[in-house]
Structure formats: C-alpha cells, structure tokens
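This report concerns only the one structure given below.
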Amino acid sequence: MMRLKAGLRRRVAVTFAVFATLFVTAETVAIYFVTDGQEEEFIDHVLEDEMRVIIEQHQRGAEIRMPHNDVMNGVIVRNAEEREKLPVHLQRLSVGTHEIFVDGTEFHVAVQQQGQTLFYLLYDATRHEARIEEFLRFLLLLLLASAVAAAVLGFWLSGRLVRQVADLAERVAGLDPNADHPPLAEGYRDEEVVKLAHAFDHYHRRMAQLVKREKEFTANVSHELRTPLTAIKTGCELLTEDSALQGKSRLRLEAIGDAVERITQSMQALLFLAREIPVSDDEPIELREVVEEAFAPFHETLSSKAIEVEIRVPDGASLRIHRPALSLALSNLVRNAVDYTDRGRITVTFERDMLSITDSGCGIPKTDLPHIFKRAYRAGQAQRPDGKGLGLSIVKRIADRFGWRISVTSQLHQGSTFAIIFPPQSLVPSVAIAEPDAARELA
Ligand code: ADP
C-alpha cells in the first residue's frame with residue numbers, strides 16, 4: 001500500500017509554525033537592526049550637540065567645561081606634548097565621529113580641531129548595548145511564543161476543517177450497499193464537505209441499485225436454470241435405467257448427466273461467491289473424488305494428446321471444505337493444465353496442506369506470472385482460442401473467499417505447477433499427516 005503522508009492536521013500545524021517562525025524571524029532581524037541603528041545615531045547626535053557647545057565656548061573664549069560622568073568624558077589637547085600622552089587608540093583618530101572598542105567596551109568618539117587645539121568627546125555605549133541585548137532577548141522570546149502559538153492555532157484550525165471530512169469518511173466506511181441509509185449530506189454545513197457527501201450519496205445509490213439488479217439477476221438465472229437442469233438430470237437418470245441403452249449411447253448419456261451435475265455445482269459456487277454468504281462449517285469431502293471429477297470431461301482430449309495423468313492423492317484423504325468451490329477451482333486449473341500441455345504428463349499431488357497440479361506444458365513467461373490471476377489477463381505465450389482470461393481470476397476469488405493460498409511456479413517450455421495451500425481449519429487431522437498413497441494413473 002502507498003505510504004500515507006503525515007496527518008493533514010499535523011502538516012497544517014507544522015506549515016503554520018514554519019511560516020510564522022520565518023515571518024517573525026525576518027521581522028525580529030529587521031527590528032533589531034533598525035533599533036540598533038537608531039541608538040547609534042542618537043549617540044552620535046548627543047556627541048555632536050555637546051561638541052558644538054564646547055566649540056562655541058572655545059570660540060567665545062569662555063571657560064570650557066568638559067563633561068566627566070559615567071557616560072560621557074571630554075579631553076582637550078592643546079599641544080603635541082599633551083597629544084603624546086593620549087592613549088594610542090585616541091591619537092589615531094581623525095576629526096569626525098568614530099566608533100571604537102576598548103577592552104570589549106564600545107565607545108563613540110567625536111573629534112574636533114580648532115587651530116592647534118583638539119577636542120575629544122567619548123561616549124560609553126555599554127548601557128545602550130545592554131538595552132539592545134535585552135530587547136533582542138525579548139524578540140527571541142516573542143519568536144518562540146509565536147511559533148508555538150502558530151502551531152497550536154494551525155492544529156486547532158485544521159482539526160476543525162478535517163473533523164467533518166474524517167467524520168464523513170467514517171460514515172462512508174460503514175455504508176452497506178445492501179441497506180438504505182439517511183442521506184450523508186444531512187448534518188454537514190461546509191460547502192465542500194456537503195458536495196463530497198452528495199457525491200458519496202449518489203455513488204451509494206448507484207451501487208445499491210447495481211447490487212440489487214445483480215442479486216435479482218443471479219436469483220433469476222439460478223431459478224430459471226434449476227428447473228431445466230433438474231429435468232435433464234432426471235431424464236438422464238430415467239434413461240440409464242433403460243437396459244436397452246448400451247455401449248456408446250450409454251456412455252454419452254452418462255457424460256451428459258456428469259456435465260449437468262458440474263453445471264449445477266459451478267452455478268452453486270458462483271452464486272455463493274456473488275452473494276457473500278458467510279462460510280459455514282463444511283462436511284469433510286473426499287479429495288480424490290473431486291480431483292477425478294475435474295479430469296472427467298477431458299478424458300478424450302487427454303488420450304488424443306497422449307498426456308498421462310498421475311493422481312497422487314491418498315485414498316481417504318479428505319478436507320473440510322465447500323465442495324462446489326473446490327470443484328470449480330480445480331476444474332479451472334485442470335482445464336488450463338490440459339489446454340496448455342501438448343504432450344507429457346499432468347500430476348496432481350496432495351501433501352500435508354497443499355494440493356498441486358503440475359503439467360509439462362508450454363510454461364508461463366516470467367513477466368506474465370505476476371498478472372495471470374487478474375481478470376481478463378492472458379499471457380502472450382499461449383492462449384487458447386476460446387479463452388477469456390477469467391479462469392484463474394475465478395480461482396483467485398474462490399481462494400480469497402475461503403482463505404486458501406495459491407502459488408504458481410513455471411518454467412518456459414517445461415511446464416507449470418499451480419498449488420492450493422489450505423488453511424489449518426480445512427484439514428482433517430488423519431489426512432494431514434498421512435503419506436501419499438501409491439501413485440495411480442489415469443487416462
Ligand atoms: P484463459 O481463459 O486465457 O486460459 P486464465 O485466467 O485461465 O485465462 O489464464 C490466464 C493466462 O495464464 C492464460 O492466458 C495462459 O496464458 C496462462 N496460463 C494459465 N494456466 C497455464 C498453464 N497451466 N500453462 C501455461 N500457461 C497457463
């Protein structure tokens with residue numbers, strides 16, 4: 001079976017969470033950089049304003065008051081000697097605003113020159129950085145919270161959406177084509193779900209009509225055929241009592257009687273398959289008898305083709321099985337073995353739980369083997385003119401219905417073996433361990 005993708009709910013929730021995370025991440029990065037940029041700009045403005053005041057004082061010849069506090073510190077350098085005393089990282093700076101790092105601390109520095117005098121203003125950005133970091137932590141927390149919220153929201157929302165579909169699926173699974181039911185569309189509100197329910201209602205109505213027609217047809221066929229078949233059968237039985245009937249005519253009559261019996265059995269098996277009647281406990285049946293019956297219609301063909309038949313089924317071997325079903329399956333397998341074999345031998349063996357039919361016929365190409373049980377499939381290698389590709393599909397239906405397993409092995413131009421493996425409940429213990437009897441030959 002195709003592997004199902006994760007539930008719709010989970011997928012919607014994950015998609016929601018992924019999109020929300022991507023979106024909020026982009027937003028967080030943008031906010032972070034904009035805020036950081038604004039803070040830096042703000043510091044530079046503060047420095048520039050302060051520097052403007054200082055330069056003004058200097059130009060007026062007034063007393064210059066350089067700031068000295070936690071955040072801002074000013075230095076005036078009046079000559080080369082004083083400049084030498086400055087820390088190297090300040091000496092290197094040209095006129096303008098700069099951003100420097102000293103022992104891991106960020107400073108913004110404004111430098112101005114008036115004649116020989118240099119003015120330095122240093123702004124310690126530690127507090128700003130701490131604030132930005134705190135802001136970043138808050139944004140990350142927000143990111144996490146929105147991802148979780150989106151996942152929960154997605155799960156809840158998709159739950160609401162799929163609940164009706166899941167409910168509809170459950171109701172459809174419980175539909176019985178043999179029974180009426182209130183319209184599925186009742187009880188749903190969403191347009192798409194109602195449409196889906198209408199489609200199922202329509203489909204169910206058609207199925208129910210089809211099943212009804214099919215049932216009537218099979219019942220009619222079986223009823224219409226039963227009467228003439230019984231008439232032929234009774235006619236045959238009465239004629240066989242006539243001692244005047246001898247030789248070939250008697251044999252022909254017996255063949256007609258056998259054919260009627262086979263039609264009756266096949267009809268029973270096919271009706272059984274069509275109607276899904278529960279399997280009941282079957283009486284044990286003589287396996288050898290069923291196998292021999294399956295070969296009966298082919299006696300003439302077998303002798304004209306010079307095919308030997310070997311039945312290695314112990315006398316007394318029996319199975320608890322639906323007889324008409326086994327007859328029908330065997331008659332299809334035997335007919336194939338006979339039709340697809342030109343010379344050689346057909347061997348039927350029963351061992352433990354397995355009944356196999358081996359022929360020395362044309363064999364089946366490897367590429368066809370996986371398909372031969374499909375309805376209407378016919379292998380290219382060999383096809384009988386009247387074949388419809390139905391025989392093996394009927395065998396498969398029967399096997400599925402009764403829990404038998406079918407295996408097939410084949411060698412091109414050498415022959416094929418079809419085997420039925422019966423479930424333990426079909427086996428009659430004494431038979432299951434019995435050794436196969438001495439081989440008996442037929443035909
Ligand atoms: P069909 O009516 O064509 O025989 P079946 O369903 O009975 O339909 O078989 C499907 C195909 O499998 C056949 O067309 C044939 O090619 C192949 N096949 C079945 N049984 C045998 C066999 N014993 N030997 C060779 N080929 C076989």
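Labels for the structure tokens follow display order: chains A, B, ..., residues from 1 in each chain, ligands from 1.
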message: Any residue with an atom at most 7 Å from ligand 1 counts, using only C-alpha atoms and all ligand atoms. Which are they? Put them as number ranges by chain.
response: A: 332-333, 336-337, 340-341, 359, 361-364, 372-373, 375-384, 386-393, 415-416
message: Which of region 162-411 of chain A end up as alpha helix (DSSP H) when DSSP is run on this backbone - answer as a PyMOL selection string?
response: chain A and resi 162-173+191-240+247-275+287-295+299-305+323-339+391-402
Atoms to include: C-alpha atoms. Write the selected residues as a CSV table (one decimal), in the first residue's frame.
chain,number,residue,atom,x,y,z
A,162,VAL,CA,-10.8,18.0,8.8
A,163,ARG,CA,-13.2,16.9,11.6
A,164,GLN,CA,-16.1,16.8,9.2
A,165,VAL,CA,-14.2,15.1,6.5
A,166,ALA,CA,-12.9,12.4,9.0
A,167,ASP,CA,-16.5,12.0,10.2
A,168,LEU,CA,-17.7,11.6,6.6
A,169,ALA,CA,-15.0,9.1,5.9
A,170,GLU,CA,-16.1,7.1,9.0
A,171,ARG,CA,-19.7,7.1,7.9
A,172,VAL,CA,-18.8,6.1,4.3
A,173,ALA,CA,-16.7,3.2,5.6
A,191,GLU,CA,-20.0,23.6,1.1
A,192,GLU,CA,-17.1,21.3,0.1
A,193,VAL,CA,-18.0,18.6,2.6
A,194,VAL,CA,-21.6,18.8,1.6
A,195,LYS,CA,-20.6,18.4,-2.1
A,196,LEU,CA,-18.4,15.4,-1.1
A,197,ALA,CA,-21.3,13.8,0.9
A,198,HIS,CA,-23.7,14.4,-2.1
A,199,ALA,CA,-21.2,12.6,-4.4
A,200,PHE,CA,-21.0,9.7,-1.9
A,201,ASP,CA,-24.8,9.6,-1.6
A,202,HIS,CA,-25.1,9.4,-5.4
A,203,TYR,CA,-22.4,6.8,-5.7
A,204,HIS,CA,-24.0,4.7,-2.9
A,205,ARG,CA,-27.4,4.9,-4.6
A,206,ARG,CA,-25.9,3.6,-7.9
A,207,MET,CA,-24.0,0.8,-6.0
A,208,ALA,CA,-27.2,-0.2,-4.2
A,209,GLN,CA,-29.1,-0.3,-7.5
A,210,LEU,CA,-26.3,-2.3,-9.1
A,211,VAL,CA,-26.2,-4.8,-6.2
A,212,LYS,CA,-30.0,-5.1,-6.3
A,213,ARG,CA,-30.0,-5.8,-10.0
A,214,GLU,CA,-27.1,-8.2,-9.7
A,215,LYS,CA,-28.9,-10.1,-6.9
A,216,GLU,CA,-32.1,-10.3,-8.9
A,217,PHE,CA,-30.2,-11.4,-11.9
A,218,THR,CA,-28.3,-14.2,-10.2
A,219,ALA,CA,-31.5,-15.3,-8.4
A,220,ASN,CA,-33.4,-15.3,-11.7
A,221,VAL,CA,-30.7,-17.2,-13.5
A,222,SER,CA,-30.4,-19.8,-10.8
A,223,HIS,CA,-34.2,-20.2,-10.6
A,224,GLU,CA,-34.7,-20.3,-14.4
A,225,LEU,CA,-31.8,-22.8,-14.9
A,226,ARG,CA,-32.5,-25.0,-11.9
A,227,THR,CA,-35.8,-26.3,-13.4
A,228,PRO,CA,-34.5,-27.4,-16.9
A,229,LEU,CA,-31.3,-28.7,-15.3
A,230,THR,CA,-33.3,-30.9,-12.9
A,231,ALA,CA,-35.4,-32.0,-15.8
A,232,ILE,CA,-32.3,-33.0,-17.8
A,233,LYS,CA,-30.8,-34.8,-14.8
A,234,THR,CA,-34.0,-36.7,-14.1
A,235,GLY,CA,-34.3,-37.6,-17.8
A,236,CYS,CA,-30.8,-38.9,-17.8
A,237,GLU,CA,-31.4,-41.0,-14.7
A,238,LEU,CA,-34.5,-42.5,-16.1
A,239,LEU,CA,-32.8,-43.3,-19.4
A,240,THR,CA,-29.9,-45.0,-17.7
A,247,GLY,CA,-22.4,-49.1,-25.5
A,248,LYS,CA,-21.5,-45.6,-26.7
A,249,SER,CA,-25.0,-44.3,-26.2
A,250,ARG,CA,-24.9,-45.2,-22.5
A,251,LEU,CA,-21.5,-43.6,-22.2
A,252,ARG,CA,-22.7,-40.4,-23.9
A,253,LEU,CA,-25.8,-40.3,-21.6
A,254,GLU,CA,-23.6,-40.7,-18.5
A,255,ALA,CA,-21.3,-37.8,-19.8
A,256,ILE,CA,-24.5,-35.6,-20.2
A,257,GLY,CA,-25.5,-36.5,-16.6
A,258,ASP,CA,-22.0,-35.6,-15.3
A,259,ALA,CA,-22.0,-32.3,-17.3
A,260,VAL,CA,-25.3,-31.3,-15.8
A,261,GLU,CA,-24.0,-32.1,-12.3
A,262,ARG,CA,-20.9,-30.0,-13.0
A,263,ILE,CA,-23.1,-27.0,-14.2
A,264,THR,CA,-25.2,-27.3,-11.1
A,265,GLN,CA,-22.2,-27.3,-8.9
A,266,SER,CA,-20.5,-24.4,-10.7
A,267,MET,CA,-23.6,-22.4,-10.5
A,268,GLN,CA,-23.8,-23.1,-6.8
A,269,ALA,CA,-20.2,-22.0,-6.3
A,270,LEU,CA,-20.6,-18.8,-8.4
A,271,LEU,CA,-23.8,-17.9,-6.6
A,272,PHE,CA,-22.0,-18.4,-3.3
A,273,LEU,CA,-19.2,-16.1,-4.4
A,274,ALA,CA,-21.6,-13.4,-5.7
A,275,ARG,CA,-23.7,-13.3,-2.5
A,287,LEU,CA,-10.4,-35.1,-2.2
A,288,ARG,CA,-9.6,-37.9,-4.7
A,289,GLU,CA,-13.2,-38.0,-5.9
A,290,VAL,CA,-13.2,-34.2,-6.6
A,291,VAL,CA,-9.9,-34.4,-8.4
A,292,GLU,CA,-11.1,-37.3,-10.6
A,293,GLU,CA,-14.3,-35.5,-11.4
A,294,ALA,CA,-12.3,-32.5,-12.5
A,295,PHE,CA,-10.5,-34.6,-15.1
A,299,HIS,CA,-10.6,-37.9,-21.0
A,300,GLU,CA,-10.8,-37.8,-24.7
A,301,THR,CA,-8.6,-34.8,-25.1
A,302,LEU,CA,-6.0,-36.3,-22.8
A,303,SER,CA,-5.8,-39.5,-24.8
A,304,SER,CA,-5.8,-37.8,-28.1
A,305,LYS,CA,-2.8,-35.6,-26.9
A,323,ARG,CA,-17.3,-28.8,-2.3
A,324,PRO,CA,-18.7,-26.7,-5.2
A,325,ALA,CA,-16.0,-24.1,-4.7
A,326,LEU,CA,-13.2,-26.6,-4.7
A,327,SER,CA,-14.7,-28.3,-7.8
A,328,LEU,CA,-14.9,-25.0,-9.6
A,329,ALA,CA,-11.3,-24.0,-8.7
A,330,LEU,CA,-10.0,-27.4,-9.7
A,331,SER,CA,-11.9,-27.6,-12.9
A,332,ASN,CA,-10.3,-24.3,-14.0
A,333,LEU,CA,-6.8,-25.4,-13.0
A,334,VAL,CA,-7.2,-28.8,-14.7
A,335,ARG,CA,-8.6,-27.3,-17.8
A,336,ASN,CA,-5.6,-24.9,-18.1
A,337,ALA,CA,-3.2,-27.8,-17.5
A,338,VAL,CA,-4.9,-29.8,-20.2
A,339,ASP,CA,-5.2,-26.9,-22.7
A,391,GLY,CA,-10.4,-19.0,-15.2
A,392,LEU,CA,-7.5,-18.0,-12.9
A,393,SER,CA,-9.3,-14.9,-11.7
A,394,ILE,CA,-12.2,-17.1,-10.6
A,395,VAL,CA,-9.7,-19.4,-8.8
A,396,LYS,CA,-8.2,-16.4,-7.1
A,397,ARG,CA,-11.7,-15.1,-6.0
A,398,ILE,CA,-12.5,-18.5,-4.5
A,399,ALA,CA,-9.1,-18.8,-2.8
A,400,ASP,CA,-9.5,-15.3,-1.3
A,401,ARG,CA,-13.1,-16.1,-0.2
A,402,PHE,CA,-12.1,-19.3,1.7
field: Among listed residues A:Glu308, A:Glu40, A:Glu241, A:Asp342, nearest Ala125 (chain A) (using only C-alpha atoms)
entry: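 Among the listed residues, A:Glu40 lies closest to Ala125 (chain A).
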field: Top pick for closest residue to Leu355 (chain A), considering A:Gln57, A:Thr417, A:Gln411, A:Thr15 and counting only C-alpha atoms
entry: A:Thr417
task: Extract, using only C-alpha atoms, all DNA, RNA and protein residues at most 8 Å from Arg78 (chain A), discarding same-chain residues fewer than 5 positions from it, and format them as a ChimeraX atom specification.
output: /A:83,116-118
query: Can you tell me how far CA of Gln112 (chain A) sits from CA of Gly96 (chain A), in Å to one decimal?
result: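 Between CA of Gln112 (chain A) and CA of Gly96 (chain A) the gap works out to 6.6 Å.
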Pick from A:Leu144, A:Val111, A:Val309, A:Leu47, whichever lies nearest to Pro67 (chain A) using only C-alpha atoms: A:Leu47
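One finds CA of Glu351 (chain A) at 10.7 Å from CA of Ala419 (chain A).
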task: Find the residues around Asp103 (chain A) up to 12 Å (only C-alpha atoms counted), leave out those fewer than 4 positions away in its own chain, and share them as a ChimeraX atom specification.
output: /A:89,107,126
message: So that I can see what lies close to Ser360 (chain A), please list as number ranges by chain the residues with an atom at most 6 Å from it, counting only C-alpha atoms and leaving out residues fewer than 5 positions away in the same chain.
response: A: 344-345, 414-415
task: Go through A:Ile346, A:Ala20, A:Ala306, A:Ile420 one by one, measure the shortest atom-to-atom distance of each to Leu153 (chain A) using only C-alpha atoms, and give the residue with the smallest value.
output: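 Distance minimum relative to Leu153 (chain A) lands on A:Ala20.
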